[in-house]
Amino acid sequence: MRKWLFHNVGLKIVAVLLSIVLWLFVTSRGQSEMSLDVPIEFKNIPAGLEMVNNSAKTIDLNIRGQERFMQFLKSSDIRVSVDLSKAKKGEGIYYISRGDVLLPNTVTVTNINPSSVRITFEETKTRVVRVIPVVVGQPARGYVIKSIAAEPQTVVIEGIQSETARINVIKTEPFDITGINETIKQSVRLDLTGRKIRAKNDTVEINLTIGLKAQ
């Protein structure tokens, strides 16, 4: 047995190497590469911190795989997530590794650009602000608005300090009263469009009293 193992050992080594080369050649056939722009998902932001800005919202991935699978691959099939559980107040650099990229089993990552993202965090601040109801249109002919009030009259907002510090009031989304001739109560959302804040209660009730115009 021992004699057989070492008989023509050189030829056997060559045969093994040729087999490996042949396997690599076969498996590489039909392979293709492509580049996709994939959004970055930021997860596990610690409580009490707000993301103010970041240097990249997407990354460019170079990926490789069998051509028959690659031709149907879309950005939505790939997820890139950055774990921010150790984030602190201020600016920091957070790296993106291949382990942060979730891909179909048939595909591999060959390059990530950029491989890191610079993010700035501020502390979360809360503030109590007054709610101002917003109505548009006119009541029915001969009627006028007698009173209008929001319930609750104040709400708690939270967000980055630089944003909450300059907000004193929050308006509601417009409520159309065209043609109304009776007192009503209507639930409306707060208008937070374009602001980096949240409201613990994002809806309020508008109590609208409509009465006949004085003669």
# chains A, B, ... in the order shown; residues from 1 in each chain; ligands from 1

$ select_by_dssp --residues "stretch 3-175 of chain A" --states "strand (DSSP E or B)" --output "number ranges by chain"
A: 31-43, 49-54, 58-66, 79-83, 90-95, 101-102, 107-113, 116-132, 135-136, 143-151, 154-160, 169-172, 175

$ closest_residue --among "A:Asn54, A:Thr178, A:Gln71, A:Asn113" --to "A:Gln31" --atoms "only C-alpha atoms"
A:Gln71

$ select_by_dssp --residues "chain A" --states "helix (DSSP H, G or I)" --output "VMD selection string"
chain A and resid 2 to 5 9 to 28 67 to 70 75 to 77 98 to 100 161 to 164

$ closest_residue --among "A:Lys89, A:Lys146, A:Arg189, A:Lys125" --to "A:Asn207" --atoms "only C-alpha atoms"
A:Lys146

$ residues_around --residues "A:Phe175" --least-positions-apart "5" --cutoff "8 Å" --atoms "only C-alpha atoms" --output "NGL selection string"
:A and (134-136 or 188)

$ closest_residue --among "A:Glu158, A:Asp37, A:Glu173, A:Asp77" --to "A:Thr193" --atoms "only C-alpha atoms"
A:Glu173

$ closest_residue --among "A:Pro39, A:Leu192, A:Ile170, A:Ala149" --to "A:Leu208" --atoms "only C-alpha atoms"
A:Ala149

$ residues_around --residues "A:Arg64" --least-positions-apart "3" --cutoff "6 Å" --atoms "only C-alpha atoms" --output "PyMOL selection string"
chain A and resi 32-33+107-108

$ residues_around --residues "A:Arg130" --least-positions-apart "3" --cutoff "7 Å" --atoms "only C-alpha atoms" --output "list in words"
Gln153, Thr154, Val155, Asn168, Val169 and Ile170 of chain A

$ atom_distance --atom1 "atom CA of A:Ser85" --atom2 "atom CA of A:Thr58"
19.8 Å

$ residues_around --residues "A:Leu84" --least-positions-apart "4" --cutoff "9 Å" --atoms "only C-alpha atoms" --output "number ranges by chain"
A: 42-46, 88, 94

$ write_last_selection --atoms "N, CA and C atoms" --output "PDB file, in the first residue's frame"
ATOM      1  N   PHE A  42     -29.314  52.349   8.275  1.00  0.00           N
ATOM      2  CA  PHE A  42     -28.673  52.618   9.564  1.00  0.00           C
ATOM      3  C   PHE A  42     -29.549  52.031  10.666  1.00  0.00           C
ATOM      4  N   LYS A  43     -28.988  51.133  11.448  1.00  0.00           N
ATOM      5  CA  LYS A  43     -29.799  50.442  12.449  1.00  0.00           C
ATOM      6  C   LYS A  43     -29.166  50.554  13.841  1.00  0.00           C
ATOM      7  N   ASN A  44     -30.020  50.304  14.841  1.00  0.00           N
ATOM      8  CA  ASN A  44     -29.602  50.268  16.250  1.00  0.00           C
ATOM      9  C   ASN A  44     -29.010  51.594  16.732  1.00  0.00           C
ATOM     10  N   ILE A  45     -29.625  52.715  16.321  1.00  0.00           N
ATOM     11  CA  ILE A  45     -29.193  54.017  16.842  1.00  0.00           C
ATOM     12  C   ILE A  45     -29.564  54.087  18.329  1.00  0.00           C
ATOM     13  N   PRO A  46     -28.616  54.375  19.199  1.00  0.00           N
ATOM     14  CA  PRO A  46     -28.908  54.394  20.638  1.00  0.00           C
ATOM     15  C   PRO A  46     -29.992  55.409  20.992  1.00  0.00           C
ATOM     16  N   LYS A  88     -21.794  57.486  19.416  1.00  0.00           N
ATOM     17  CA  LYS A  88     -21.749  58.478  20.481  1.00  0.00           C
ATOM     18  C   LYS A  88     -22.007  59.865  19.904  1.00  0.00           C
ATOM     19  N   TYR A  94     -17.767  55.188  10.590  1.00  0.00           N
ATOM     20  CA  TYR A  94     -18.316  53.841  10.749  1.00  0.00           C
ATOM     21  C   TYR A  94     -18.043  53.059   9.471  1.00  0.00           C
TER      22      TYR A  94
END

$ residues_around --residues "A:Ile78" --least-positions-apart "2" --cutoff "9 Å" --atoms "only C-alpha atoms" --output "list in words"
Val38, Leu73, Lys74, Ser75, Ser76, Val80, Val101, Leu102, Leu103 and Pro104 of chain A

$ write_last_selection --atoms "C-alpha atoms" --output "compact mmCIF listing (two decimals), in the first residue's frame"
# COMPACT_ATOMS: atom_id res chain seq x y z
CA VAL A 38 -27.47 50.28 -2.95
CA LEU A 73 -30.38 40.97 -9.86
CA LYS A 74 -31.66 44.36 -8.64
CA SER A 75 -30.61 46.80 -5.94
CA SER A 76 -33.70 45.80 -3.96
CA VAL A 80 -26.45 47.01 3.31
CA VAL A 101 -23.86 43.22 2.94
CA LEU A 102 -26.72 40.73 2.66
CA LEU A 103 -26.64 39.04 -0.77
CA PRO A 104 -28.23 36.09 -2.55

$ atom_distance --atom1 "atom CA of A:Gly159" --atom2 "atom CA of A:Met51"
9.4 Å
